[in-house]
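Engineer: So that you have it, the file is data36.cif, and it contains mmCIF, C-alpha atoms:
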data_data
loop_
_atom_site.label_atom_id
_atom_site.label_comp_id
_atom_site.auth_asym_id
_atom_site.auth_seq_id
_atom_site.Cartn_x
_atom_site.Cartn_y
_atom_site.Cartn_z
CA MET O 72 5.84 -10.36 2.25
CA LEU O 73 3.32 -8.38 0.26
CA ARG O 74 1.48 -10.05 -2.58
CA SER O 75 -0.19 -7.72 -5.08
CA LEU O 76 -3.04 -9.57 -6.74
CA LEU O 77 -4.77 -8.14 -9.79
CA PHE O 78 -8.29 -9.51 -10.20
CA ARG O 79 -10.42 -9.22 -13.30
CA GLY O 80 -14.12 -8.61 -13.07
CA SER O 81 -16.21 -6.62 -10.65
CA CYS O 82 -17.11 -9.56 -8.39
CA HIS O 83 -13.98 -8.96 -6.32
CA LEU O 84 -14.63 -5.28 -5.71
CA ARG O 85 -16.43 -3.60 -2.85
CA LEU O 86 -18.36 -0.78 -4.38
CA ALA O 87 -17.94 2.54 -2.62
CA THR O 88 -21.59 3.46 -2.65
CA LEU O 89 -24.17 3.73 0.06
CA LEU O 90 -25.62 0.47 -1.14
CA THR O 91 -22.71 -1.37 0.45
CA LEU O 92 -24.11 -0.46 3.84
CA THR O 93 -26.82 -3.07 3.30
CA LEU O 94 -24.42 -5.87 2.36
CA PRO O 95 -22.45 -8.18 4.69
CA LEU O 96 -18.99 -7.53 3.26
CA VAL O 97 -17.06 -9.68 5.73
CA THR O 98 -17.81 -12.28 8.35
CA HIS O 99 -18.38 -10.29 11.50
CA ALA O 100 -17.31 -11.52 14.89
CA ASP O 101 -20.10 -9.64 16.67
CA THR O 102 -22.25 -6.53 16.69
CA VAL O 103 -19.27 -4.28 17.46
CA THR O 104 -17.39 -5.32 14.32
CA ALA O 105 -20.55 -5.23 12.21
CA TRP O 106 -21.20 -1.62 13.16
CA ASN O 107 -17.52 -0.79 12.91
CA GLU O 108 -17.73 -1.66 9.21
CA ILE O 109 -20.87 0.43 8.90
CA MET O 110 -19.01 3.27 10.60
CA GLN O 111 -16.04 2.86 8.25
CA GLN O 112 -18.20 3.16 5.17
CA THR O 113 -20.43 5.89 6.55
CA VAL O 114 -17.63 8.29 7.49
CA ALA O 115 -16.09 7.84 4.03
CA VAL O 116 -19.14 9.21 2.22
CA ALA O 117 -18.26 12.53 0.55
CA PRO O 118 -17.47 15.27 1.38
CA THR O 119 -15.38 13.99 4.29
CA ASN O 120 -11.59 13.78 4.23
CA PRO O 121 -9.13 11.51 6.10
CA ASN O 122 -8.82 13.91 9.05
CA VAL O 123 -12.56 14.22 9.50
CA GLN O 124 -12.90 10.46 9.18
CA THR O 125 -10.62 9.92 12.18
CA ARG O 126 -12.65 12.33 14.30
CA LEU O 127 -16.01 10.84 13.37
CA GLY O 128 -14.69 7.33 13.88
CA ALA O 129 -13.45 8.15 17.37
CA ILE O 130 -16.78 9.65 18.42
CA VAL O 131 -18.66 6.57 17.22
CA GLN O 132 -16.31 3.97 18.65
CA LEU O 133 -16.01 5.69 22.02
CA ALA O 134 -19.79 5.87 22.27
CA VAL O 135 -19.98 2.15 21.50
CA PHE O 136 -17.29 1.40 24.08
CA GLU O 137 -18.95 3.49 26.74
CA ALA O 138 -22.30 1.82 26.19
CA VAL O 139 -20.87 -1.71 26.36
CA ASN O 140 -18.62 -0.90 29.29
CA ALA O 141 -21.53 0.56 31.26
CA ILE O 142 -23.05 -2.92 31.11
CA HIS O 143 -20.00 -5.17 31.48
CA GLY O 144 -17.72 -2.86 33.48
CA ASP O 145 -14.52 -4.54 32.30
CA TYR O 146 -12.48 -1.37 31.81
CA GLU O 147 -12.00 2.16 33.03
CA PRO O 148 -14.76 4.29 31.47
CA TYR O 149 -14.00 7.15 29.14
CA LEU O 150 -16.86 9.38 30.26
CA ALA O 151 -17.92 7.82 33.59
CA SER O 152 -21.41 9.26 33.13
CA VAL O 153 -23.31 6.36 31.53
CA GLU O 154 -25.08 3.84 33.75
CA ALA O 155 -26.78 0.59 32.81
CA PRO O 156 -27.85 -2.60 34.60
CA ALA O 157 -25.62 -5.64 34.14
CA TRP O 158 -28.53 -7.52 32.57
CA ALA O 159 -29.02 -5.00 29.77
CA SER O 160 -28.47 -6.19 26.20
CA PRO O 161 -24.97 -5.14 25.06
CA ASN O 162 -25.90 -5.80 21.43
CA ALA O 163 -28.78 -3.35 21.62
CA ALA O 164 -26.43 -0.87 23.29
CA VAL O 165 -23.91 -1.16 20.44
CA ILE O 166 -26.54 -0.68 17.75
CA ALA O 167 -28.14 2.29 19.49
CA ALA O 168 -24.82 4.04 20.23
CA ALA O 169 -23.38 3.58 16.74
CA HIS O 170 -26.61 4.49 14.98
CA ARG O 171 -27.29 7.64 17.02
CA THR O 172 -23.77 9.02 16.60
CA LEU O 173 -23.65 8.23 12.89
CA VAL O 174 -27.02 9.72 11.96
CA THR O 175 -26.14 12.85 13.92
CA LEU O 176 -22.65 13.21 12.50
CA ARG O 177 -23.80 12.49 8.92
CA SER O 178 -27.05 14.45 9.02
CA ASP O 179 -25.66 16.28 5.98
CA ASN O 180 -26.62 13.29 3.80
CA ALA O 181 -30.28 12.29 3.83
CA ASP O 182 -29.69 9.07 1.88
CA THR O 183 -27.08 7.96 4.41
CA VAL O 184 -29.43 8.66 7.31
CA THR O 185 -32.21 6.66 5.64
CA LEU O 186 -29.93 3.68 5.14
CA LEU O 187 -28.64 3.88 8.71
CA ASN O 188 -32.20 3.95 10.03
CA GLY O 189 -32.95 0.83 8.02
CA LEU O 190 -29.84 -0.91 9.33
CA ARG O 191 -30.80 -0.08 12.90
CA GLU O 192 -34.24 -1.58 12.41
CA GLN O 193 -32.78 -4.65 10.71
CA HIS O 194 -30.20 -5.31 13.44
CA MET O 195 -32.54 -4.55 16.32
CA ALA O 196 -35.04 -7.05 14.90
CA GLY O 197 -32.59 -9.81 15.77
CA ILE O 198 -32.83 -9.01 19.50
CA ASP O 199 -35.82 -10.20 21.51
CA ASP O 200 -38.08 -7.42 22.76
CA GLY O 201 -38.12 -6.90 26.49
CA PRO O 202 -36.53 -4.97 29.35
CA GLU O 203 -33.01 -6.17 28.45
CA LYS O 204 -33.29 -4.72 24.97
CA ASP O 205 -34.87 -1.49 26.25
CA ALA O 206 -32.11 -1.02 28.84
CA GLY O 207 -29.43 -1.65 26.22
CA ILE O 208 -30.97 0.91 23.88
CA ALA O 209 -31.11 3.44 26.71
CA ALA O 210 -27.42 2.88 27.48
CA GLY O 211 -26.46 3.28 23.83
CA GLU O 212 -28.49 6.44 23.39
CA ALA O 213 -27.03 7.91 26.59
CA ALA O 214 -23.46 7.14 25.52
CA ALA O 215 -24.03 8.63 22.09
CA SER O 216 -25.55 11.80 23.49
CA ALA O 217 -22.70 12.23 25.95
CA MET O 218 -20.01 11.79 23.29
CA LEU O 219 -21.71 14.12 20.83
CA LEU O 220 -22.06 16.77 23.53
CA LEU O 221 -18.43 16.38 24.57
CA ARG O 222 -17.19 16.94 21.01
CA ALA O 223 -19.70 19.60 19.96
CA ASN O 224 -17.17 22.46 20.25
CA ASP O 225 -13.83 20.74 19.84
CA GLY O 226 -12.44 23.10 17.17
CA ALA O 227 -13.02 20.83 14.17
CA ALA O 228 -15.51 23.22 12.59
CA GLN O 229 -12.94 26.03 12.54
CA ALA O 230 -10.01 23.98 11.21
CA ALA O 231 -10.51 24.91 7.56
CA THR O 232 -10.86 28.63 8.19
CA THR O 233 -7.86 29.18 10.45
CA PRO O 234 -5.72 31.97 8.95
CA TYR O 235 -2.62 30.78 7.12
CA THR O 236 0.17 32.80 5.51
CA PRO O 237 2.50 30.91 3.14
CA GLY O 238 6.23 31.29 3.57
CA THR O 239 8.42 32.62 0.79
CA GLN O 240 11.81 31.06 1.55
CA PRO O 241 13.36 27.87 0.11
CA GLY O 242 11.98 24.98 2.13
CA ASP O 243 8.63 26.66 2.78
CA PHE O 244 5.41 24.89 1.81
CA GLN O 245 3.62 26.43 -1.13
CA PRO O 246 -0.12 25.67 -1.02
CA PRO O 247 -2.12 25.00 -4.19
CA ALA O 248 -4.55 27.49 -5.68
CA ALA O 249 -7.33 26.07 -3.50
CA GLY O 250 -5.40 27.10 -0.39
CA ALA O 251 -3.83 25.27 2.52
CA PHE O 252 -5.75 22.20 3.70
CA LEU O 253 -7.12 22.34 7.28
CA PRO O 254 -4.46 24.66 8.71
CA GLY O 255 -6.24 24.62 12.08
CA TRP O 256 -6.61 20.85 12.52
CA GLY O 257 -3.72 20.85 14.95
CA GLN O 258 -5.85 22.94 17.33
CA VAL O 259 -8.68 20.39 17.52
CA THR O 260 -9.10 19.07 21.06
CA PRO O 261 -7.39 15.65 21.30
CA PHE O 262 -9.50 12.70 22.42
CA GLY O 263 -6.70 11.69 24.77
CA GLY O 264 -6.56 15.13 26.31
CA GLY O 265 -2.77 15.18 26.51
CA ASP O 266 -0.63 18.24 25.87
CA LEU O 267 0.65 18.24 22.31
CA TRP O 268 4.10 19.42 23.35
CA GLN O 269 5.05 15.87 24.34
CA PHE O 270 4.63 14.78 20.71
CA VAL O 271 6.55 17.60 19.03
CA LEU O 272 9.09 16.34 16.52
CA PRO O 273 12.54 17.80 15.89
CA PRO O 274 12.77 19.87 12.71
CA PRO O 275 13.17 18.18 9.32
CA PRO O 276 16.72 17.79 7.98
CA ALA O 277 18.45 20.99 6.95
CA LEU O 278 18.31 21.69 3.22
CA SER O 279 22.11 21.64 3.14
CA SER O 280 22.38 18.21 4.77
CA GLY O 281 23.29 14.87 3.25
CA LYS O 282 20.10 13.29 4.60
CA TYR O 283 18.01 15.85 2.78
CA ALA O 284 19.92 15.30 -0.46
CA ASP O 285 19.62 11.51 -0.21
CA ASP O 286 15.87 11.61 0.35
CA TYR O 287 15.39 14.33 -2.27
CA ASN O 288 17.10 12.22 -4.91
CA GLU O 289 15.20 9.09 -3.87
CA VAL O 290 11.77 10.62 -4.37
CA LYS O 291 12.94 12.47 -7.48
CA LEU O 292 13.98 9.18 -9.10
CA LEU O 293 11.27 6.84 -7.85
CA GLY O 294 8.27 9.14 -7.50
CA SER O 295 8.12 10.94 -10.82
CA SER O 296 5.10 10.37 -13.01
CA ASN O 297 7.32 8.80 -15.69
CA SER O 298 9.91 7.03 -13.52
CA PRO O 299 11.64 4.37 -15.65
CA ILE O 300 12.60 2.19 -12.67
CA ARG O 301 9.45 2.14 -10.53
CA PRO O 302 8.13 -1.47 -10.47
CA GLN O 303 4.47 -2.04 -11.27
CA ASP O 304 3.75 -3.33 -7.77
CA ARG O 305 5.07 -0.06 -6.27
CA THR O 306 2.86 1.88 -8.67
CA ASP O 307 -0.07 -0.24 -7.49
CA VAL O 308 0.79 0.40 -3.84
CA ALA O 309 1.14 4.15 -4.41
CA ARG O 310 -2.25 4.38 -6.06
CA PHE O 311 -3.86 2.06 -3.52
CA TYR O 312 -2.88 4.13 -0.50
CA ALA O 313 -3.69 7.37 -2.31
CA ALA O 314 -7.25 6.01 -2.53
CA SER O 315 -7.39 4.43 0.96
CA SER O 316 -7.49 6.51 4.13
CA PRO O 317 -6.07 5.17 7.42
CA VAL O 318 -9.59 4.71 8.80
CA GLN O 319 -10.42 2.46 5.85
CA VAL O 320 -7.17 0.49 6.05
CA TRP O 321 -6.76 -0.10 9.77
CA ASN O 322 -10.35 -0.78 10.76
CA SER O 323 -10.57 -3.39 8.01
CA ALA O 324 -7.34 -5.02 9.16
CA ALA O 325 -8.44 -4.98 12.79
CA ARG O 326 -11.78 -6.63 12.03
CA GLN O 327 -10.12 -9.46 10.16
CA VAL O 328 -7.60 -10.23 12.87
CA SER O 329 -10.21 -9.84 15.62
CA ALA O 330 -12.38 -12.44 13.92
CA ASP O 331 -9.40 -14.79 13.58
CA GLN O 332 -8.47 -14.45 17.26
CA GLY O 333 -12.02 -14.58 18.59
CA LEU O 334 -12.15 -11.42 20.70
CA THR O 335 -15.20 -10.99 22.89
CA LEU O 336 -17.68 -8.18 22.31
CA SER O 337 -16.33 -6.24 25.30
CA LYS O 338 -12.74 -6.59 24.11
CA ASN O 339 -13.73 -5.53 20.62
CA ALA O 340 -15.51 -2.47 21.98
CA ARG O 341 -12.33 -1.39 23.76
CA LEU O 342 -10.01 -2.30 20.87
CA PHE O 343 -11.88 -0.27 18.27
CA ALA O 344 -12.23 2.66 20.66
CA GLN O 345 -8.49 2.71 21.41
CA LEU O 346 -7.72 2.34 17.70
CA ALA O 347 -10.03 5.23 16.83
CA MET O 348 -8.68 7.44 19.62
CA ALA O 349 -5.09 6.82 18.57
CA MET O 350 -5.76 7.57 14.90
CA ALA O 351 -7.75 10.71 15.68
CA ASP O 352 -5.13 12.11 18.05
CA ALA O 353 -2.29 11.16 15.69
CA SER O 354 -4.03 13.17 12.98
CA ILE O 355 -4.31 16.19 15.28
CA VAL O 356 -0.71 15.93 16.50
CA CYS O 357 0.59 15.47 12.96
CA TRP O 358 -1.21 18.59 11.70
CA ASP O 359 0.14 20.61 14.61
CA ASN O 360 3.66 19.64 13.54
CA LYS O 361 2.96 20.10 9.82
CA TYR O 362 1.99 23.72 10.21
CA THR O 363 4.70 24.35 12.78
CA TYR O 364 7.48 23.37 10.37
CA ASN O 365 5.63 24.27 7.13
CA PHE O 366 8.01 22.18 5.02
CA TRP O 367 7.78 22.07 1.26
CA ARG O 368 6.56 19.12 -0.79
CA PRO O 369 8.86 17.19 -3.16
CA MET O 370 7.32 18.75 -6.26
CA THR O 371 8.13 22.27 -5.06
CA ALA O 372 11.55 21.18 -3.80
CA ILE O 373 12.58 19.41 -7.01
CA ARG O 374 11.37 22.20 -9.25
CA GLY O 375 13.35 24.59 -7.06
CA GLY O 376 16.39 22.39 -6.51
CA ASP O 377 18.70 25.26 -7.42
CA LEU O 378 17.43 27.34 -4.49
CA ASP O 379 18.21 25.07 -1.52
CA GLY O 380 21.96 25.63 -1.35
CA ASN O 381 22.72 21.92 -1.69
CA ALA O 382 25.10 20.95 -4.49
CA ARG O 383 23.62 17.43 -4.62
CA THR O 384 20.04 18.44 -5.45
CA ASP O 385 19.78 19.11 -9.17
CA ARG O 386 16.72 20.99 -10.31
CA ASP O 387 14.06 19.57 -12.63
CA SER O 388 11.61 22.34 -13.48
CA ALA O 389 9.21 19.96 -15.23
CA TRP O 390 9.10 17.23 -12.56
CA THR O 391 5.65 15.89 -11.63
CA PRO O 392 4.69 13.19 -9.09
CA LEU O 393 2.83 9.97 -9.83
CA ILE O 394 -0.09 10.95 -7.61
CA THR O 395 -1.56 14.34 -6.84
CA THR O 396 0.29 16.36 -4.21
CA PRO O 397 -1.91 17.10 -1.17
CA GLY O 398 -2.53 20.67 -0.10
CA HIS O 399 -0.74 20.60 3.25
CA PRO O 400 2.92 20.64 4.36
CA SER O 401 5.09 17.58 3.86
CA TYR O 402 6.69 17.03 7.29
CA PRO O 403 5.64 14.75 8.88
CA SER O 404 3.57 12.39 6.75
CA GLY O 405 -0.07 12.18 7.84
CA HIS O 406 -0.55 8.63 6.59
CA ALA O 407 2.63 7.53 8.38
CA THR O 408 1.66 9.22 11.64
CA VAL O 409 -1.88 7.91 11.81
CA SER O 410 -0.77 4.47 10.65
CA GLY O 411 2.05 4.37 13.18
CA ALA O 412 -0.49 4.97 15.94
CA ALA O 413 -2.83 2.31 14.56
CA ARG O 414 -0.03 -0.21 14.23
CA ARG O 415 1.00 0.35 17.86
CA ILE O 416 -2.55 -0.37 19.06
CA LEU O 417 -3.01 -3.47 16.92
CA GLU O 418 0.39 -4.98 17.67
CA HIS O 419 -0.33 -4.57 21.37
CA ALA O 420 -3.69 -6.31 20.97
CA PHE O 421 -2.81 -9.07 18.51
CA GLY O 422 0.95 -9.46 18.22
CA LYS O 423 3.17 -8.31 15.41
CA ASP O 424 2.77 -11.05 12.82
CA GLY O 425 1.18 -14.35 11.89
CA HIS O 426 -1.95 -12.69 10.54
CA ASP O 427 -3.94 -13.07 7.34
CA ILE O 428 -5.08 -9.64 6.13
CA LEU O 429 -6.49 -8.71 2.76
CA LEU O 430 -7.02 -5.04 1.89
CA THR O 431 -9.11 -3.72 -0.99
CA THR O 432 -10.22 -0.33 -2.18
CA PRO O 433 -13.29 0.32 -4.36
CA SER O 434 -11.59 2.28 -7.12
CA LEU O 435 -8.85 -0.24 -7.94
CA THR O 436 -8.76 -3.92 -8.89
CA VAL O 437 -5.84 -4.46 -6.50
CA VAL O 438 -5.92 -6.66 -3.41
CA LEU O 439 -3.01 -6.42 -0.97
CA SER O 440 -2.18 -9.37 1.27
CA TYR O 441 -0.26 -9.06 4.54
CA ALA O 442 0.93 -11.28 7.37
CA ALA O 443 2.24 -8.54 9.67
CA PHE O 444 1.26 -4.99 10.57
CA ASP O 445 4.72 -3.63 9.79
CA GLU O 446 4.30 -4.88 6.22
CA ILE O 447 1.35 -2.50 5.90
CA THR O 448 3.29 0.49 7.23
CA ALA O 449 6.26 -0.37 5.01
CA ASP O 450 3.99 -0.29 1.98
CA ILE O 451 2.48 3.00 3.14
CA ASP O 452 5.98 4.48 3.34
CA ASP O 453 6.77 3.23 -0.15
CA ALA O 454 3.42 4.48 -1.42
CA ARG O 455 4.20 8.06 -0.44
CA ILE O 456 7.73 8.00 -1.86
CA TYR O 457 7.00 6.05 -5.04
CA GLY O 458 3.93 8.25 -5.39
CA GLY O 459 6.17 11.32 -5.33
CA ILE O 460 4.48 13.21 -2.51
CA HIS O 461 6.78 12.65 0.51
CA PHE O 462 10.42 12.43 1.46
CA ARG O 463 11.65 9.37 3.36
CA PHE O 464 12.27 11.50 6.45
CA ASP O 465 8.59 12.54 6.41
CA GLN O 466 7.64 8.89 6.75
CA GLU O 467 10.22 8.08 9.40
CA ALA O 468 9.24 11.04 11.57
CA GLY O 469 5.53 10.33 11.20
CA ALA O 470 5.98 6.69 12.19
CA ARG O 471 7.86 7.68 15.37
CA GLN O 472 5.27 10.27 16.28
CA GLY O 473 2.40 7.87 15.65
CA ARG O 474 3.93 5.17 17.84
CA HIS O 475 4.26 7.65 20.68
CA VAL O 476 0.61 8.66 20.37
CA GLY O 477 -0.51 5.03 20.31
CA SER O 478 1.58 4.20 23.38
CA TYR O 479 0.13 7.18 25.22
CA ILE O 480 -3.44 6.02 24.54
CA LEU O 481 -2.64 2.49 25.68
CA GLU O 482 -1.01 3.74 28.87
CA LYS O 483 -3.67 6.25 29.85
CA TYR O 484 -7.08 5.27 28.48
CA LEU O 485 -9.62 2.45 28.68
CA ARG O 486 -7.35 0.34 30.84
CA SER O 487 -8.44 -2.88 32.47
CA HIS O 488 -9.05 -2.70 36.19
CA GLU O 489 -6.10 -5.03 36.76
CA ASP O 490 -3.80 -2.64 34.92
CA THR O 491 -5.15 0.26 36.96
CA GLU O 492 -4.57 -1.51 40.27
CA ALA O 493 -1.03 -2.45 39.23
CA SER O 494 -0.17 1.13 38.31
CA ASN O 495 -1.55 2.39 41.63
CA VAL O 496 0.84 0.25 43.69
CA ARG O 497 4.00 1.14 41.80
CA PRO O 498 6.54 3.08 43.89
#
With the file now loaded, output its structure as structure tokens.
Structural biologist:
Amino acid sequence: MLRSLLFRGSCHLRLATLLTLTLPLVTHADTVTAWNEIMQQTVAVAPTNPNVQTRLGAIVQLAVFEAVNAIHGDYEPYLASVEAPAWASPNAAVIAAAHRTLVTLRSDNADTVTLLNGLREQHMAGIDDGPEKDAGIAAGEAAASAMLLLRANDGAAQAATTPYTPGTQPGDFQPPAAGAFLPGWGQVTPFGGGDLWQFVLPPPPALSSGKYADDYNEVKLLGSSNSPIRPQDRTDVARFYAASSPVQVWNSAARQVSADQGLTLSKNARLFAQLAMAMADASIVCWDNKYTYNFWRPMTAIRGGDLDGNARTDRDSAWTPLITTPGHPSYPSGHATVSGAARRILEHAFGKDGHDILLTTPSLTVVLSYAAFDEITADIDDARIYGGIHFRFDQEAGARQGRHVGSYILEKYLRSHEDTEASNVRP
């Protein structure tokens, strides 16, 4: 079960500044996990958002995978265009691939680029000069260039400016004054390349239904800013996951369990690539469904409870949530969808439980401890409901959708050669 630990003093906090990029925050299993942490912190530097973080993370981790796999050849390639000799340095390849993608993707921040350049020099200094190092660098640079070119026109740049017209009927999402958030993100090209239709969810519960009323009253009671029955640990969880994006949560968890289980560099390269692909595509699929159904948020619903035609949903015109309501439709939950995909990848790689995971976030003196991946997703579900920004059915639908995306990535991408041969002989 979850343990919420409140620490006093700043020595337990990881500061969310660029300076953290120079500090060894955890014990790293290898160069892949070291640069995965650098990626995690780099993509979080403002002004990115959770959706953008998933995209940037996938570009970086796929470049790292492609560079390592060009040398080791353990898995099906993603690009099949990068070549390297088997004697090339995989560590140099990882550093070069991660660095090149990150400095290109975060060229908007000169301080970040300077720090990344310093980290590259620092990490490369630990590898002996010679043809092995040179060949590894060439493989990493080639993989980075190929991934950046592939994603140069994937629709992400247009996602914020896609036209959006709010609905006017009960049940319709009402965007804040700043406008709807990334209405075109569902049109970004998926990393898995699959048709989005296979991940379309059924509609949310009808406003007149018992399910809708039950979930309406749950979030109304538990998620209000002044709820008299919300326990302190649920308040902590709500605030924690409001401050922690899926990229921050799941990469941290994966690194810790990878170190415990002793994955090889090649296995880590594939794991973090599959994890990043699944989260990125789950984000895209989720946003496609969000703006398809355009369902209202609890705050709008509760303040307009007299408009939904349901006798069990009493209106509260002054109701406010514990945490700030995001500027995009409620159904399905983005955090649930992306986390469902991540959980599917990590449970496949590591097993469901028996782990020792500690999660922190820079803005809070809260440390969350977990032994199983489903404990994390359960807390994420609670966080959105006790935070007052989602209905229970938003979480349930997102989790299902995310699992499907994760399973699709596992079935179709970066497979071992043994898995490929087995699938080719099936009747």
Engineer: Could you list, as a ChimeraX atom specification, every residue matched by the PyMOL selection byres ((chain O and resi 453-460) around 6) in this structure?
Structural biologist: /O:290,293-295,308-309,369,392-394,396,450-452,461
Engineer: Dump C-alpha atoms for the selected residues as a PDB file, in the coordinates of the input?
Structural biologist:
ATOM      1  CA  VAL O 290      11.770  10.620  -4.370  1.00  0.00           C
ATOM      2  CA  LEU O 293      11.270   6.840  -7.850  1.00  0.00           C
ATOM      3  CA  GLY O 294       8.270   9.140  -7.500  1.00  0.00           C
ATOM      4  CA  SER O 295       8.120  10.940 -10.820  1.00  0.00           C
ATOM      5  CA  VAL O 308       0.790   0.400  -3.840  1.00  0.00           C
ATOM      6  CA  ALA O 309       1.140   4.150  -4.410  1.00  0.00           C
ATOM      7  CA  PRO O 369       8.860  17.190  -3.160  1.00  0.00           C
ATOM      8  CA  PRO O 392       4.690  13.190  -9.090  1.00  0.00           C
ATOM      9  CA  LEU O 393       2.830   9.970  -9.830  1.00  0.00           C
ATOM     10  CA  ILE O 394      -0.090  10.950  -7.610  1.00  0.00           C
ATOM     11  CA  THR O 396       0.290  16.360  -4.210  1.00  0.00           C
ATOM     12  CA  ASP O 450       3.990  -0.290   1.980  1.00  0.00           C
ATOM     13  CA  ILE O 451       2.480   3.000   3.140  1.00  0.00           C
ATOM     14  CA  ASP O 452       5.980   4.480   3.340  1.00  0.00           C
ATOM     15  CA  HIS O 461       6.780  12.650   0.510  1.00  0.00           C
TER      16      HIS O 461
END
Engineer: Taking the file as shown, find all residues satisfying the PyMOL selection byres ((chain O and resi 480) around 9) and write them as a list in words.
Structural biologist: Gly263, Gln345, Leu346, Met348, Ala349, Ile416, His475, Val476, Gly477, Ser478, Tyr479, Leu481, Glu482, Lys483, Tyr484 and Leu485 of chain O
Engineer: I'd like to know which of O:Asn297, O:Asn288, O:Thr335, O:Gln245 is closest to Thr104 in chain O, using all atoms listed in the file.
Structural biologist: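 Going through O:Asn297, O:Asn288, O:Thr335, O:Gln245 one by one, the smallest distance to Thr104 in chain O is for O:Thr335.
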Engineer: May I ask which of the residues O:Leu439, O:Val139, O:Met110, O:Ala210 is the closest one to Val153 in chain O, counting only C-alpha atoms?
Structural biologist: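 Nearest to Val153 in chain O: O:Ala210.
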Engineer: Assuming the chain letters and numbering stay as they are in my file, what does the PyMOL selection byres ((chain O and resi 370) around 7) actually select? List them as a list in words.
Structural biologist: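 For this structure, the PyMOL selection byres ((chain O and resi 370) around 7) captures Arg368, Pro369, Thr371, Ala372, Ile373, Arg374, Trp390, Thr391 and Pro392 of chain O.
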Engineer: With a distance cut-off of 12 Å and only C-alpha atoms, select the neighbouring residues of Pro275 in chain O, excluding the residue or stretch itself and same-chain residues fewer than 6 positions from it, and output the selection as an mmCIF file with C-alpha atoms, keeping the file's coordinate frame.
Structural biologist:
data_model
loop_
_atom_site.group_PDB
_atom_site.id
_atom_site.type_symbol
_atom_site.label_atom_id
_atom_site.label_comp_id
_atom_site.auth_asym_id
_atom_site.auth_seq_id
_atom_site.Cartn_x
_atom_site.Cartn_y
_atom_site.Cartn_z
ATOM 1 C CA GLY O 242 11.980 24.980 2.130
ATOM 2 C CA ASP O 243 8.630 26.660 2.780
ATOM 3 C CA LYS O 282 20.100 13.290 4.600
ATOM 4 C CA TYR O 283 18.010 15.850 2.780
ATOM 5 C CA ASP O 286 15.870 11.610 0.350
ATOM 6 C CA ASN O 360 3.660 19.640 13.540
ATOM 7 C CA LYS O 361 2.960 20.100 9.820
ATOM 8 C CA THR O 363 4.700 24.350 12.780
ATOM 9 C CA TYR O 364 7.480 23.370 10.370
ATOM 10 C CA ASN O 365 5.630 24.270 7.130
ATOM 11 C CA PHE O 366 8.010 22.180 5.020
ATOM 12 C CA TRP O 367 7.780 22.070 1.260
ATOM 13 C CA PRO O 400 2.920 20.640 4.360
ATOM 14 C CA SER O 401 5.090 17.580 3.860
ATOM 15 C CA TYR O 402 6.690 17.030 7.290
ATOM 16 C CA PRO O 403 5.640 14.750 8.880
ATOM 17 C CA SER O 404 3.570 12.390 6.750
ATOM 18 C CA PHE O 462 10.420 12.430 1.460
ATOM 19 C CA ARG O 463 11.650 9.370 3.360
ATOM 20 C CA PHE O 464 12.270 11.500 6.450
ATOM 21 C CA ASP O 465 8.590 12.540 6.410
ATOM 22 C CA GLN O 466 7.640 8.890 6.750
ATOM 23 C CA GLU O 467 10.220 8.080 9.400
ATOM 24 C CA ALA O 468 9.240 11.040 11.570
ATOM 25 C CA GLY O 469 5.530 10.330 11.200
#
Engineer: So that I can see what lies close to Gln327 in chain O, please list as a list in words the residues with an atom at most 8 Å from it, counting all atoms listed in the file and leaving out residues fewer than 4 positions away in the same chain.
Structural biologist: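 The contact residues come out as Ser323, Asp331, Asp427 and Ile428 of chain O.
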Engineer: Go through O:Ala248, O:Ala167, O:Val318, O:Ala215 and flag the residue nearest Ala115 in chain O, using only C-alpha atoms for the distances.
Structural biologist: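 Once distances to Ala115 in chain O are computed over only C-alpha atoms, the minimum belongs to O:Val318.
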Engineer: Can you tell me how far CA of Thr395 in chain O sits from CA of Arg471 in chain O, in Å to one decimal?
Structural biologist: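 Answer for the CA of Thr395 in chain O to CA of Arg471 in chain O separation: 25.0 Å.
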